[in-house]
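Colleague: Sharing a structure, written as C-alpha cells. Questions coming.
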Amino acid sequence: MRVLVAGVEPGARGLAAEVAERIARADLLAGSRRHLALVPGFRGEILPFEDHRVTDVVARIGADPNLRAVLLASGDPGFFGAAALVLRRFPREEVEIVPAVSSMQLAFARAREPWSDARFASLHGRPLENLAPLLGERRIGVFTDAENSPARIASFLGDTGWDDYEMVVAEDLGLATERVTRGPVPEFRDWTGSDLNVVLLLRNGVPARPLGPGVPDGAFSHDRGLITKREVRAVALGLLDLPEAGVLWDVGAGSGSVAVEACLLRPALRVYAVEKTPEGVSHIRENRRRFRAAGLVPVEGEAPGALEALPDPDRVFVGGSGGRLAAVLDAAWGRLRPGGVLLVAAVLLETLAEALAWTRARSLEPEITEVRASRSRPVAGRHRMVPENPVCLVRLEG
C-alpha cells in the first residue's frame, strides 16, 4: 500500500508492531507532534500537522508517485479524521486504514452511556451552528477545538434555548491528567481545562417544537405590528422553496419570525437575520432562544452594508429595506448563488412599484403573489371577518 493512515488511541504509549514496521519502511511520516514522539529516530521526511495542513501533506504525497507515506491520526481516522481527505485524493487500492479506539468511543464509555443511537458533529475548524441540525437528539457527541471549547458550546446552547441538556466533558483521555466532568449546561459556561477534550450532550426524550409554517403571531416576541403575519409567512416560506442546507438572508428581519420558521423547517440551514434596530435584534435573540432556532445568526446593522460580511446566500427574503430597496436588491442579486431565490415582501404600493422598476431595468421577469387574508373578530356575541393588510410577494429565480 502506498499510504497508510493509522489511528493512535488516546493516551497511547506506543504503536502496534504492525504500524511500527510499516513506518520503518516509509519515506514520509506525518502526524501531530504528540504522535510523532512515539516514533523516535525516524530517518525519512517528517511533517507535523501543527506546521502543515493535512491537505498540504496529502498534496505532497500525491506529487511523488513513488513515495510511501504513513499518516498518524487520533483514534479512528475514518471517523471525522484524515482518512476522508486521503481517500478523496488516492484510489482505494492505494490506501490502508488501521483504526484505533477513538476519543469519542472512550468518552461514552467513561460516561457509562451507550452510543448506538448517538449523533455526531465535529466543530474542529467549523462554526458552532453545525450543531443546529442535531439539537433535540437524545445523545450527541461533539469533537471540539481550542476555539469551540466546552465553555463556548455551553454559551451557545444557553443562547439558543438548549440549556436543558446534560453535558459531559472528557479531557486528556488515556493520560494521567484524564478528567471527566458531568453536569447541566449552565455549569460549563465558565469552564476551563485541556484543549484535548470531547463533549457529550445527553437528554431524556425529544422536545416538541412547532414546525410551522404559520406559527401564531402571539408566540413571537415582537413590537406591536412589526411582524410578518402568519398567513404571509406561510406563503413566503413556500415561495422561497428552502433547501435542506445552505444560507438564507432575512433582510429587514424585524422580530425574526421568518428567520425562526425557516430554521424550524430546515435545521441545517444557516439563517442570517439582518436588522438595524437594537430593539429588533433583541426580539430576534429572544425568539431564537424561545423557539430553539440554533441555526439563526442575528446580525445588527443596516443593509446593504451589513450584508458584505455574510456568506453568499442560496435564498434571500427582503422584509424591509429602510428606503434603500434598490441598493439592497443590487447587493442580494449580485451575491445570490446559481439556482437561488430572492423574495421581496411589499406592503406599500410604492415598494411594489420600486421592486418592479428594478426588475424591468434588468430585464428580469418576476412572479408576483398577492396574499389577502381575513381573520374573525367577535362582535356582540357573533363574529365578522376583518381583513389584514394585503401583501405582494415578488419572486425572482437566479
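Within each chain, counting starts at residue 1; across the C-alpha cells, chains are named A, B, ... in the order shown, with ligands numbered 1 upward in that order.
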Find the residues around Ala273 (chain A) up to 12 Å (only C-alpha atoms counted), leave out those fewer than 4 positions away in its own chain, and share them as a PyMOL selection string.
Modeller: chain A and resi 247-263+277+280-285+287-288+293+295-303+306-307+310+316-320
Colleague: List every residue of region 36-226 of chain A that DSSP, applied to the backbone, labels as alpha helix (DSSP H), and write the result as a tab-separated table (two decimals) with N, CA and C atoms, in the first residue's frame.
Modeller:
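Written file, selection_36.tsv:
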```
chain	number	residue	atom	x	y	z
A	36	LEU	N	3.99	11.90	16.73
A	36	LEU	CA	5.33	11.70	16.16
A	36	LEU	C	6.35	11.34	17.23
A	54	VAL	N	-3.29	19.09	6.75
A	54	VAL	CA	-3.44	17.72	6.23
A	54	VAL	C	-3.58	17.75	4.70
A	55	THR	N	-4.30	18.76	4.18
A	55	THR	CA	-4.46	18.85	2.72
A	55	THR	C	-3.11	19.04	2.04
A	56	ASP	N	-2.22	19.81	2.67
A	56	ASP	CA	-0.87	20.01	2.09
A	56	ASP	C	-0.05	18.73	2.16
A	57	VAL	N	-0.21	17.99	3.24
A	57	VAL	CA	0.50	16.72	3.37
A	57	VAL	C	0.05	15.75	2.27
A	58	VAL	N	-1.26	15.68	2.06
A	58	VAL	CA	-1.80	14.80	1.03
A	58	VAL	C	-1.29	15.23	-0.35
A	59	ALA	N	-1.24	16.53	-0.60
A	59	ALA	CA	-0.73	17.03	-1.88
A	59	ALA	C	0.74	16.67	-2.05
A	60	ARG	N	1.51	16.75	-0.97
A	60	ARG	CA	2.95	16.39	-1.03
A	60	ARG	C	3.10	14.92	-1.39
A	61	ILE	N	2.30	14.06	-0.83
A	61	ILE	CA	2.38	12.63	-1.15
A	61	ILE	C	1.99	12.39	-2.59
A	62	GLY	N	0.93	13.09	-3.03
A	62	GLY	CA	0.45	12.91	-4.40
A	62	GLY	C	1.45	13.37	-5.44
A	83	ALA	N	-8.73	10.15	7.12
A	83	ALA	CA	-8.96	9.15	6.07
A	83	ALA	C	-9.80	9.71	4.93
A	84	ALA	N	-10.77	10.55	5.24
A	84	ALA	CA	-11.65	11.09	4.19
A	84	ALA	C	-10.85	11.90	3.18
A	85	LEU	N	-9.92	12.73	3.65
A	85	LEU	CA	-9.10	13.54	2.75
A	85	LEU	C	-8.20	12.66	1.88
A	86	VAL	N	-7.63	11.66	2.50
A	86	VAL	CA	-6.73	10.76	1.76
A	86	VAL	C	-7.50	10.01	0.68
A	87	LEU	N	-8.68	9.51	1.02
A	87	LEU	CA	-9.47	8.74	0.05
A	87	LEU	C	-10.01	9.59	-1.09
A	88	ARG	N	-10.15	10.89	-0.85
A	88	ARG	CA	-10.56	11.77	-1.95
A	88	ARG	C	-9.42	11.99	-2.94
A	89	ARG	N	-8.21	11.77	-2.50
A	89	ARG	CA	-7.05	12.06	-3.36
A	89	ARG	C	-6.48	10.81	-4.03
A	103	SER	N	-11.42	8.80	20.70
A	103	SER	CA	-11.70	9.54	21.92
A	103	SER	C	-13.21	9.59	22.18
A	104	MET	N	-14.01	9.62	21.11
A	104	MET	CA	-15.46	9.66	21.28
A	104	MET	C	-15.96	8.34	21.89
A	105	GLN	N	-15.45	7.24	21.38
A	105	GLN	CA	-15.82	5.92	21.91
A	105	GLN	C	-15.45	5.82	23.38
A	106	LEU	N	-14.26	6.31	23.71
A	106	LEU	CA	-13.79	6.24	25.09
A	106	LEU	C	-14.60	7.17	25.99
A	107	ALA	N	-14.98	8.34	25.46
A	107	ALA	CA	-15.76	9.29	26.26
A	107	ALA	C	-17.11	8.69	26.65
A	108	PHE	N	-17.79	8.05	25.70
A	108	PHE	CA	-19.07	7.42	26.03
A	108	PHE	C	-18.88	6.31	27.05
A	109	ALA	N	-17.77	5.57	26.93
A	109	ALA	CA	-17.51	4.51	27.90
A	109	ALA	C	-17.26	5.09	29.29
A	110	ARG	N	-16.47	6.17	29.35
A	110	ARG	CA	-16.19	6.80	30.65
A	110	ARG	C	-17.47	7.36	31.28
A	150	PRO	N	-15.67	23.70	25.37
A	150	PRO	CA	-16.90	23.40	26.12
A	150	PRO	C	-17.61	24.65	26.64
A	151	ALA	N	-16.84	25.67	27.05
A	151	ALA	CA	-17.47	26.90	27.55
A	151	ALA	C	-18.24	27.60	26.44
A	152	ARG	N	-17.67	27.65	25.25
A	152	ARG	CA	-18.35	28.31	24.13
A	152	ARG	C	-19.57	27.51	23.69
A	153	ILE	N	-19.47	26.20	23.72
A	153	ILE	CA	-20.62	25.35	23.38
A	153	ILE	C	-21.74	25.57	24.39
A	154	ALA	N	-21.39	25.64	25.68
A	154	ALA	CA	-22.40	25.86	26.72
A	154	ALA	C	-23.08	27.21	26.53
A	155	SER	N	-22.33	28.25	26.19
A	155	SER	CA	-22.93	29.57	25.96
A	155	SER	C	-23.87	29.52	24.75
A	156	PHE	N	-23.44	28.84	23.70
A	156	PHE	CA	-24.28	28.73	22.50
A	156	PHE	C	-25.58	28.01	22.82
A	157	LEU	N	-25.49	26.92	23.57
A	157	LEU	CA	-26.70	26.17	23.93
A	157	LEU	C	-27.64	27.01	24.78
A	158	GLY	N	-27.08	27.80	25.70
A	158	GLY	CA	-27.92	28.66	26.52
A	158	GLY	C	-28.57	29.75	25.71
A	159	ASP	N	-27.82	30.36	24.79
A	159	ASP	CA	-28.36	31.46	23.98
A	159	ASP	C	-29.44	30.99	23.02
```
Colleague: Could you please write out, as a ChimeraX atom specification, every residue of region 16-259 of chain A that DSSP assigns to strand (DSSP E or B)?
Modeller: /A:28-31,45-48,69-74,95-98,119-122,135,137,139-143,166-171,179-184,197-202,246-251
Colleague: Any chance you could tabulate, as JSON lines, the residues of region 68-172 of chain A at most 10 Å from region 9-23 of chain A with each one's nearest atom pair and distance in Å to one decimal, using only C-alpha atoms, in chain and rising number order?
Modeller:
```
{"residue": "A:Arg68", "atom": "CA", "partner": "A:Ile23", "partner_atom": "CA", "distance": 9.1}
{"residue": "A:Ala69", "atom": "CA", "partner": "A:Ile23", "partner_atom": "CA", "distance": 7.9}
{"residue": "A:Val70", "atom": "CA", "partner": "A:Ile23", "partner_atom": "CA", "distance": 6.3}
{"residue": "A:Leu71", "atom": "CA", "partner": "A:Ile23", "partner_atom": "CA", "distance": 9.3}
{"residue": "A:Leu72", "atom": "CA", "partner": "A:Val19", "partner_atom": "CA", "distance": 9.6}
{"residue": "A:Ala73", "atom": "CA", "partner": "A:Glu9", "partner_atom": "CA", "distance": 8.8}
{"residue": "A:Ser74", "atom": "CA", "partner": "A:Glu9", "partner_atom": "CA", "distance": 6.3}
{"residue": "A:Gly75", "atom": "CA", "partner": "A:Glu9", "partner_atom": "CA", "distance": 4.8}
{"residue": "A:Asp76", "atom": "CA", "partner": "A:Glu9", "partner_atom": "CA", "distance": 8.1}
{"residue": "A:Val98", "atom": "CA", "partner": "A:Val19", "partner_atom": "CA", "distance": 8.4}
{"residue": "A:Pro99", "atom": "CA", "partner": "A:Glu9", "partner_atom": "CA", "distance": 8.6}
{"residue": "A:Ala100", "atom": "CA", "partner": "A:Glu9", "partner_atom": "CA", "distance": 5.2}
{"residue": "A:Val101", "atom": "CA", "partner": "A:Glu9", "partner_atom": "CA", "distance": 5.1}
{"residue": "A:Ser102", "atom": "CA", "partner": "A:Glu9", "partner_atom": "CA", "distance": 6.1}
{"residue": "A:Ser103", "atom": "CA", "partner": "A:Pro10", "partner_atom": "CA", "distance": 6.1}
{"residue": "A:Met104", "atom": "CA", "partner": "A:Pro10", "partner_atom": "CA", "distance": 9.8}
{"residue": "A:Leu106", "atom": "CA", "partner": "A:Pro10", "partner_atom": "CA", "distance": 8.3}
{"residue": "A:Asp172", "atom": "CA", "partner": "A:Gly11", "partner_atom": "CA", "distance": 7.6}
```
Colleague: I'd like the neighbourhood of Glu45 (chain A) as a ChimeraX atom specification, where a residue qualifies if any of its atoms comes within 8 Å (using only C-alpha atoms), though same-chain residues fewer than 4 positions away should be ignored.
Modeller: /A:27-29
Colleague: Give me the residues within 12 Å of Thr359 (chain A) as an NGL selection string, counting only C-alpha atoms and dropping any in the same chain fewer than 5 places off.
Modeller: :A and (325-326 or 329-330 or 333 or 342 or 344 or 352-354 or 364-368 or 394-397)
Colleague: Using only C-alpha atoms, which of the listed residues (A:Ala121, A:Gly44, A:Gly339, A:His52) sits closest to Phe79 (chain A)?
Modeller: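 When distances to Phe79 (chain A) are compared using only C-alpha atoms, the smallest one comes from A:Ala121.
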Colleague: Please provide as number ranges by chain all residues within 9 Å of Lys229 (chain A), with the sequence filter that same-chain residues fewer than 5 positions apart are discarded (counting only C-alpha atoms).
Modeller: A: 214, 216-217, 234, 257, 388
Colleague: Work out how far CA of Gly212 (chain A) is from CA of Val235 (chain A), in Å to one decimal.
Modeller: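 Those two atoms sit 11.2 Å apart.
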Colleague: Measure the distance from CA of Tyr272 (chain A) to CA of Leu128 (chain A) in Å and round it to one decimal.
Modeller: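 CA of Leu128 (chain A) lies at a distance of 14.1 Å from CA of Tyr272 (chain A).
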Colleague: Near Glu137 (chain A), counting only C-alpha atoms, which residues have an atom at most 8 Å away, once you skip same-chain residues fewer than 3 positions from it, shown as a short mmCIF file (atom, residue, chain, number, x, y, z; two decimals) with C-alpha atoms, in the first residue's frame?
Modeller:
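Now in around_27.cif:
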```
data_model
loop_
_atom_site.label_atom_id
_atom_site.label_comp_id
_atom_site.auth_asym_id
_atom_site.auth_seq_id
_atom_site.Cartn_x
_atom_site.Cartn_y
_atom_site.Cartn_z
CA ALA A 118 -25.93 8.87 19.18
CA ARG A 119 -25.43 11.56 16.55
CA LEU A 134 -28.60 17.65 15.76
CA ILE A 140 -24.80 13.91 20.73
CA ARG A 203 -31.14 14.42 27.33
CA GLY A 205 -36.73 12.39 25.22
CA VAL A 206 -37.03 14.67 22.21
#
```
Colleague: Using CA of Phe120 (chain A) and CA of Asn148 (chain A) as the two end points, give the distance in Å to one decimal.
Modeller: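 Going from CA of Phe120 (chain A) over to CA of Asn148 (chain A) covers 15.0 Å.
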Colleague: Which residue gives the smallest distance to Glu147 (chain A) among A:Val39, A:Leu196, A:Ala346, A:Ala30, with only C-alpha atoms counted?
Modeller: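 Closest to Glu147 (chain A) of all the choices is A:Leu196.
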